[in-house]
Every structure is written in C-alpha cells, then in structure tokens.
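Encoded as structure tokens, the structure appears first; notes follow it.
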Amino acid sequence: MSSKGGESTLTVLLALAVNLAIAVMKAIAGAITGSAAMLAEAAHSVADTFTEGLLLTALRRSERPADRRHPFGYGKDRFFWSLLAAVSIFVSGAVFAFYEGIRAVFGESTEQTNPGVGYVVLAIAFALESVSFTQAVRQVRRESRAEGRSVLAYLRMSDDPTVKTVFMEDSAALVGLLLAFGGLGLHHLTGSSVWDGVASLLIGVLLAFAAYVLAGTNRGLLIGRQADPKLVRAVWDHLRGVPEVEQVVDLLTMAVGTDRVLLCARLDFDDALSAADLERACVRIDGELRTRWPDLDEVFLEPVPRTDPELRSRVLARYGNLL
C-alpha cells in the first residue's frame, strides 16, 4: 500500500476508535439526562462509527490488483463503499436526529435530569473529536500543499473520498457538539425541552448536508469523472510537443481509483511515418507519459485523422466552445 494509502488508513482507524468511545459515552449521558440533542449526538457518533467501518472496507478492497474479470482493477470499490458511508450518515444519524427533534418540539415536555453529566460528556467528546479532526486536517493540508492547491480546492478535486469523508464528518461532529451543548444549556436555563429539540433538528440538518455533499462526490467518481484538470492540461501540452504528433485530436481521461487514471489519446500523427515508426513512437510516448505521471494507470494511444467529420462532431459535442 502506498504511503498516502497508509496515512488514509491511519486517519480512518483513529476516527473509528474515537467515534466508538464517544458513541458509548453520549448514549449513557442521553439516557441519564433525557436530552434529545444528546441522544441525537449519540446517533451521530454511531453513524460515524459505521462510516469508518465502511471506509476501512473501501480502503482494503480498492487495493486489490487487476485481474481477468476486472482488467482496470478495483479502484472504484473505494468510491462505492464511500457512497454507502454517506448513506449511513444520513440514515443512521440524520433521520434519528430529526425524529428526536420532532418528538422533543411537538411532544410532551420532558424534565431534564443531571445536566452536569451531559456537559462533562460533551467536553470529553469535543476533546476526543479534536484529536481525530487534527489528524484529518494534517493529512488534507499535506496533500493539498503537495498538489499546489488550497484546502478547499483540494477537497473539491480530490479522488480520495475516504479522507474527505473523515474530514467532513469530524467537522460536522465538532459543530454538532456545540449545538448539543447549546440545546442542553438552554433547556437547563429555561426548563423548556423545545431548545433540546431545536438543537436535535439542527444536528439532523447538519448531518443531512454532510451526507449530501459526500454522496455527490462519490456519485461523480462512480459515474466516471475526468482526471484532475491540471493533469489533463499537462498531458495535452506534452503530447502537442511530441515530434511525431501533428495534432492532439481528443483526450479522454477517467479516474478509475484513487491516484489511478485511465487515459485515451487520439492523435493525428505525421503521415510520413511508416507503420513500424508509428508503433515505436506509440511505445515511446506511452513510456514517457507513465514515467512523468505515475498516476496514469492505463494509456491508450489511437492514431486518427484530424479531418474525420464524424470524430470531429463527437469531440465538438463533448467539449463545445471549450475546445
């Protein structure tokens, strides 16, 4: 496994251990205090624990080598299991938080007991979540610097959904803890459980938003998202400079896994090349591309005439004015 994959595994394992411990504490505190927000936060941590388990499965299964049945490897397994992790956040966390919030706001008012227990548990949970969040932030910053991007741009373009999922859920966890603290505190001060319910509803909205963002990311990767535009532009410029190539007619890329890209280049070669010269040029270009960009997992070079009307119409239909 690559060093990046090893760090992703460390980040997920740390988040799993933290969320499991926090889920138990919140559940006990929720039962003692009767706080809807605390119970919603317990469901939040249970959802996060399931999420980390799914992410570990994603990391393990996506590392399997290509075989006869899957010649392009199993890299997209990471996207599939990460999509299930996003669904888990919504089903296990957001739905329960909405239920608890509606029950507290529109049901009979409940008396709060031992709020001090809730405050202590929330403080401990915040400290533990901060440890997991710090590891996720450290990895995101390191990888964004390596790619020459801002953190936000890296999260938007990254093809590693496991790190983005941990970062998003840890961010949501810290905000959720603050919401739970506010709901618990206002219930304590006013004696009204409505505040507890409102906090629970806000936690549900927070989790639903996180699940929506993560699901959208993995949906795009599963459908077949283009590789990093920086990589596409660099490969295009490289191919334009190859002596045997007169014009780059089309360039197709797709992320087939984390740090794994499938490339298909349609090139108009010099008509004076013999068949043997063309074959040797394709082999050399393939080697140059793989050496310069290790993320290129499979490279296909197709000699085509630039004047073919059918091919040109397909390219124009795909890129439009961007061409």
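Each chain of the structure tokens is named A, B, ... in the order shown, its residues numbered from 1; ligands are numbered from 1 in display order.
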Q: Apply DSSP to the backbone of this structure and, from stretch 68-131 of chain A, keep only the residues in alpha helix (DSSP H); write these as a PyMOL selection string.
A: chain A and resi 77-88+95-106+115-131
Within 12 Å of stretch 111-134 of chain A, which residues of stretch 186-301 of chain A show up? Give each one with its shortest atom-to-atom distance in Å (one decimal) and the two atoms involved, counting only C-alpha atoms, rows by chain then rising residue number, as a Markdown table.
| residue | atom | partner | partner_atom | distance |
| --- | --- | --- | --- | --- |
| A:Leu186 | CA | A:Pro115 | CA | 10.8 |
| A:His187 | CA | A:Gln112 | CA | 7.4 |
| A:His188 | CA | A:Pro115 | CA | 7.0 |
| A:Leu189 | CA | A:Gln112 | CA | 10.4 |
| A:Thr190 | CA | A:Gln112 | CA | 10.6 |
| A:Gly191 | CA | A:Glu111 | CA | 7.3 |
| A:Ser192 | CA | A:Glu111 | CA | 8.1 |
| A:Ser193 | CA | A:Glu111 | CA | 7.4 |
| A:Val194 | CA | A:Glu111 | CA | 11.1 |
| A:Trp195 | CA | A:Gln112 | CA | 11.6 |
| A:Asp196 | CA | A:Gln112 | CA | 9.8 |
Given the selection you just returned, output its residues as a file containing C-alpha atoms, formatted as an mmCIF file, in the first residue's frame.
data_model
loop_
_atom_site.group_PDB
_atom_site.id
_atom_site.type_symbol
_atom_site.label_atom_id
_atom_site.label_comp_id
_atom_site.auth_asym_id
_atom_site.auth_seq_id
_atom_site.Cartn_x
_atom_site.Cartn_y
_atom_site.Cartn_z
ATOM 1 C CA LEU A 186 -30.860 26.383 27.129
ATOM 2 C CA HIS A 187 -33.040 23.506 28.355
ATOM 3 C CA HIS A 188 -31.246 23.734 31.700
ATOM 4 C CA LEU A 189 -31.706 27.503 31.936
ATOM 5 C CA THR A 190 -35.307 27.790 30.683
ATOM 6 C CA GLY A 191 -36.743 24.437 31.684
ATOM 7 C CA SER A 192 -38.168 24.039 28.167
ATOM 8 C CA SER A 193 -37.287 20.909 26.189
ATOM 9 C CA VAL A 194 -38.074 22.779 22.966
ATOM 10 C CA TRP A 195 -34.499 24.052 22.880
ATOM 11 C CA ASP A 196 -33.247 20.489 23.097
#
**Q.** Using only C-alpha atoms: which of A:Leu202, A:Leu155, A:Leu301, A:Ala180 has the shortest distance to A:Tyr99
**A.**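 Nearest to A:Tyr99: A:Leu202.
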Contacts of stretch 56-62 of chain A within 9 Å, only C-alpha atoms, excl. fewer than 5 positions in-chain, as a PDB file with N, CA, C and O atoms, in the first residue's frame:
ATOM      1  N   GLY A   5      -1.944   5.864   0.986  1.00  0.00           N
ATOM      2  CA  GLY A   5      -2.963   4.910   1.420  1.00  0.00           C
ATOM      3  C   GLY A   5      -2.791   4.534   2.865  1.00  0.00           C
ATOM      4  O   GLY A   5      -3.766   4.362   3.603  1.00  0.00           O
ATOM      5  N   SER A   8      -4.139   7.337   4.970  1.00  0.00           N
ATOM      6  CA  SER A   8      -5.600   7.330   4.944  1.00  0.00           C
ATOM      7  C   SER A   8      -6.139   6.278   5.914  1.00  0.00           C
ATOM      8  O   SER A   8      -7.113   6.519   6.628  1.00  0.00           O
ATOM      9  N   THR A   9      -5.489   5.118   5.954  1.00  0.00           N
ATOM     10  CA  THR A   9      -5.911   4.064   6.875  1.00  0.00           C
ATOM     11  C   THR A   9      -5.748   4.509   8.320  1.00  0.00           C
ATOM     12  O   THR A   9      -6.624   4.272   9.164  1.00  0.00           O
ATOM     13  N   VAL A  12      -8.537   6.936   9.214  1.00  0.00           N
ATOM     14  CA  VAL A  12      -9.823   6.264   9.398  1.00  0.00           C
ATOM     15  C   VAL A  12      -9.845   5.463  10.696  1.00  0.00           C
ATOM     16  O   VAL A  12     -10.828   5.481  11.448  1.00  0.00           O
ATOM     17  N   LEU A  13      -8.748   4.756  10.999  1.00  0.00           N
ATOM     18  CA  LEU A  13      -8.689   3.954  12.231  1.00  0.00           C
ATOM     19  C   LEU A  13      -8.794   4.835  13.474  1.00  0.00           C
ATOM     20  O   LEU A  13      -9.480   4.482  14.443  1.00  0.00           O
ATOM     21  N   THR A  51     -19.658   4.462   9.553  1.00  0.00           N
ATOM     22  CA  THR A  51     -18.995   5.079   8.401  1.00  0.00           C
ATOM     23  C   THR A  51     -17.525   4.676   8.324  1.00  0.00           C
ATOM     24  O   THR A  51     -17.015   4.328   7.249  1.00  0.00           O
ATOM     25  N   GLY A  73      -8.774  -3.003 -12.597  1.00  0.00           N
ATOM     26  CA  GLY A  73      -8.572  -3.017 -11.157  1.00  0.00           C
ATOM     27  C   GLY A  73      -9.850  -2.756 -10.380  1.00  0.00           C
ATOM     28  O   GLY A  73     -10.949  -2.676 -10.932  1.00  0.00           O
ATOM     29  N   TYR A  74      -9.685  -2.610  -9.077  1.00  0.00           N
ATOM     30  CA  TYR A  74     -10.819  -2.452  -8.164  1.00  0.00           C
ATOM     31  C   TYR A  74     -10.820  -1.079  -7.499  1.00  0.00           C
ATOM     32  O   TYR A  74     -11.393  -0.905  -6.427  1.00  0.00           O
ATOM     33  N   GLY A  75     -10.179  -0.115  -8.121  1.00  0.00           N
ATOM     34  CA  GLY A  75     -10.067   1.208  -7.512  1.00  0.00           C
ATOM     35  C   GLY A  75     -11.404   1.862  -7.210  1.00  0.00           C
ATOM     36  O   GLY A  75     -11.551   2.584  -6.220  1.00  0.00           O
ATOM     37  N   LYS A  76     -12.409   1.610  -8.055  1.00  0.00           N
ATOM     38  CA  LYS A  76     -13.712   2.251  -7.840  1.00  0.00           C
ATOM     39  C   LYS A  76     -14.471   1.650  -6.672  1.00  0.00           C
ATOM     40  O   LYS A  76     -15.501   2.207  -6.264  1.00  0.00           O
ATOM     41  N   ASP A  77     -13.979   0.524  -6.126  1.00  0.00           N
ATOM     42  CA  ASP A  77     -14.580  -0.012  -4.911  1.00  0.00           C
ATOM     43  C   ASP A  77     -14.538   1.020  -3.789  1.00  0.00           C
ATOM     44  O   ASP A  77     -15.430   1.081  -2.944  1.00  0.00           O
ATOM     45  N   ARG A  78     -13.489   1.832  -3.780  1.00  0.00           N
ATOM     46  CA  ARG A  78     -13.376   2.870  -2.749  1.00  0.00           C
ATOM     47  C   ARG A  78     -14.509   3.880  -2.873  1.00  0.00           C
ATOM     48  O   ARG A  78     -15.057   4.348  -1.878  1.00  0.00           O
ATOM     49  N   PHE A  79     -14.886   4.198  -4.107  1.00  0.00           N
ATOM     50  CA  PHE A  79     -15.967   5.151  -4.317  1.00  0.00           C
ATOM     51  C   PHE A  79     -17.311   4.545  -3.896  1.00  0.00           C
ATOM     52  O   PHE A  79     -18.162   5.235  -3.324  1.00  0.00           O
ATOM     53  N   PHE A  80     -17.509   3.252  -4.190  1.00  0.00           N
ATOM     54  CA  PHE A  80     -18.775   2.599  -3.860  1.00  0.00           C
ATOM     55  C   PHE A  80     -18.981   2.529  -2.353  1.00  0.00           C
ATOM     56  O   PHE A  80     -20.037   2.921  -1.834  1.00  0.00           O
ATOM     57  N   TRP A  81     -17.980   2.046  -1.620  1.00  0.00           N
ATOM     58  CA  TRP A  81     -18.123   1.913  -0.175  1.00  0.00           C
ATOM     59  C   TRP A  81     -18.183   3.277   0.509  1.00  0.00           C
ATOM     60  O   TRP A  81     -18.834   3.448   1.541  1.00  0.00           O
ATOM     61  N   SER A  82     -17.517   4.261  -0.075  1.00  0.00           N
ATOM     62  CA  SER A  82     -17.602   5.617   0.472  1.00  0.00           C
ATOM     63  C   SER A  82     -18.994   6.211   0.239  1.00  0.00           C
ATOM     64  O   SER A  82     -19.491   6.995   1.054  1.00  0.00           O
ATOM     65  N   THR A 162     -12.179   8.824   1.054  1.00  0.00           N
ATOM     66  CA  THR A 162     -12.079   8.412   2.454  1.00  0.00           C
ATOM     67  C   THR A 162     -11.607   9.568   3.326  1.00  0.00           C
ATOM     68  O   THR A 162     -12.165   9.823   4.395  1.00  0.00           O
ATOM     69  N   GLY A 257      -9.775   5.035  -9.824  1.00  0.00           N
ATOM     70  CA  GLY A 257      -9.412   4.766  -8.446  1.00  0.00           C
ATOM     71  C   GLY A 257      -8.666   5.967  -7.902  1.00  0.00           C
ATOM     72  O   GLY A 257      -8.416   6.949  -8.616  1.00  0.00           O
ATOM     73  N   THR A 258      -8.300   5.910  -6.633  1.00  0.00           N
ATOM     74  CA  THR A 258      -7.528   6.998  -6.042  1.00  0.00           C
ATOM     75  C   THR A 258      -6.111   6.968  -6.587  1.00  0.00           C
ATOM     76  O   THR A 258      -5.421   5.952  -6.502  1.00  0.00           O
TER      77      THR A 258
END
Q. Taking only C-alpha atoms into account, which of A:Leu178, A:Leu252, A:Val235, A:Ile32 comes nearest A:Ala199?
A. A:Leu178
(Q) If I take atom CA of A:His70 and atom CA of A:Ser158, how far is one from the other in Å, to one decimal? (A) 23.5 Å
(Q) Excluding A:Leu152 and its own-chain neighbours fewer than 5 positions away, which residues fall within 12 Å of it when counting only C-alpha atoms? Please give them as a list in words. (A)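 Here the qualifying residues turn out to be Val137, Val140, Arg141, Glu143, Ser144, Arg145, Met157, Ser158, Lys164, Phe167 and Met168 of chain A.
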Stretch 223-225 of chain A: which residues within 6 Å, counting only C-alpha atoms, same-chain residues fewer than 3 positions away excluded, as a compact mmCIF listing (two decimals) with N, CA, C and O atoms, in the first residue's frame?
# COMPACT_ATOMS: atom_id res chain seq x y z
N GLY A 220 -20.17 11.31 -8.58
CA GLY A 220 -19.38 11.76 -9.72
C GLY A 220 -18.23 10.83 -10.03
O GLY A 220 -17.94 10.54 -11.20
N MET A 254 -10.31 9.31 -17.19
CA MET A 254 -11.29 8.93 -16.18
C MET A 254 -10.55 8.41 -14.96
O MET A 254 -9.60 7.64 -15.07
N ALA A 255 -11.01 8.85 -13.78
CA ALA A 255 -10.45 8.34 -12.54
C ALA A 255 -11.01 6.94 -12.30
O ALA A 255 -12.22 6.76 -12.15
(Q) Could you pull out the strand (DSSP E or B) residues of stretch 74-309 of chain A, going by DSSP on the backbone, and write them as number ranges by chain? (A) A: 245-257, 260-269, 296-303
For the selection just defined, write its residues with C-alpha atoms to a file, as a tab-separated table (two decimals), in the first residue's frame.
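Result file is result_10.tsv:
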chain	number	residue	atom	x	y	z
A	245	VAL	CA	2.39	14.19	-33.46
A	246	GLU	CA	0.89	16.88	-35.68
A	247	GLN	CA	-2.22	17.47	-33.59
A	248	VAL	CA	-3.96	16.19	-30.46
A	249	VAL	CA	-7.46	15.44	-31.71
A	250	ASP	CA	-9.05	14.21	-28.49
A	251	LEU	CA	-8.00	13.41	-24.92
A	252	LEU	CA	-10.21	11.26	-22.69
A	253	THR	CA	-9.45	10.60	-19.03
A	254	MET	CA	-11.29	8.93	-16.18
A	255	ALA	CA	-10.45	8.34	-12.54
A	256	VAL	CA	-10.57	4.56	-12.06
A	257	GLY	CA	-9.41	4.77	-8.45
A	260	ARG	CA	-5.25	5.95	-10.78
A	261	VAL	CA	-6.21	7.42	-14.16
A	262	LEU	CA	-7.21	5.84	-17.46
A	263	LEU	CA	-6.02	7.87	-20.47
A	264	CYS	CA	-7.10	7.60	-24.11
A	265	ALA	CA	-5.42	9.99	-26.56
A	266	ARG	CA	-6.48	10.30	-30.19
A	267	LEU	CA	-3.56	11.69	-32.13
A	268	ASP	CA	-3.01	12.78	-35.72
A	269	PHE	CA	0.50	11.51	-36.49
A	296	LEU	CA	-1.58	7.10	-15.32
A	297	ASP	CA	-2.70	3.52	-14.78
A	298	GLU	CA	-3.62	2.62	-18.36
A	299	VAL	CA	-2.66	4.53	-21.53
A	300	PHE	CA	-4.29	4.07	-24.93
A	301	LEU	CA	-2.94	5.92	-27.98
A	302	GLU	CA	-5.14	5.91	-31.08
A	303	PRO	CA	-3.88	7.25	-34.44
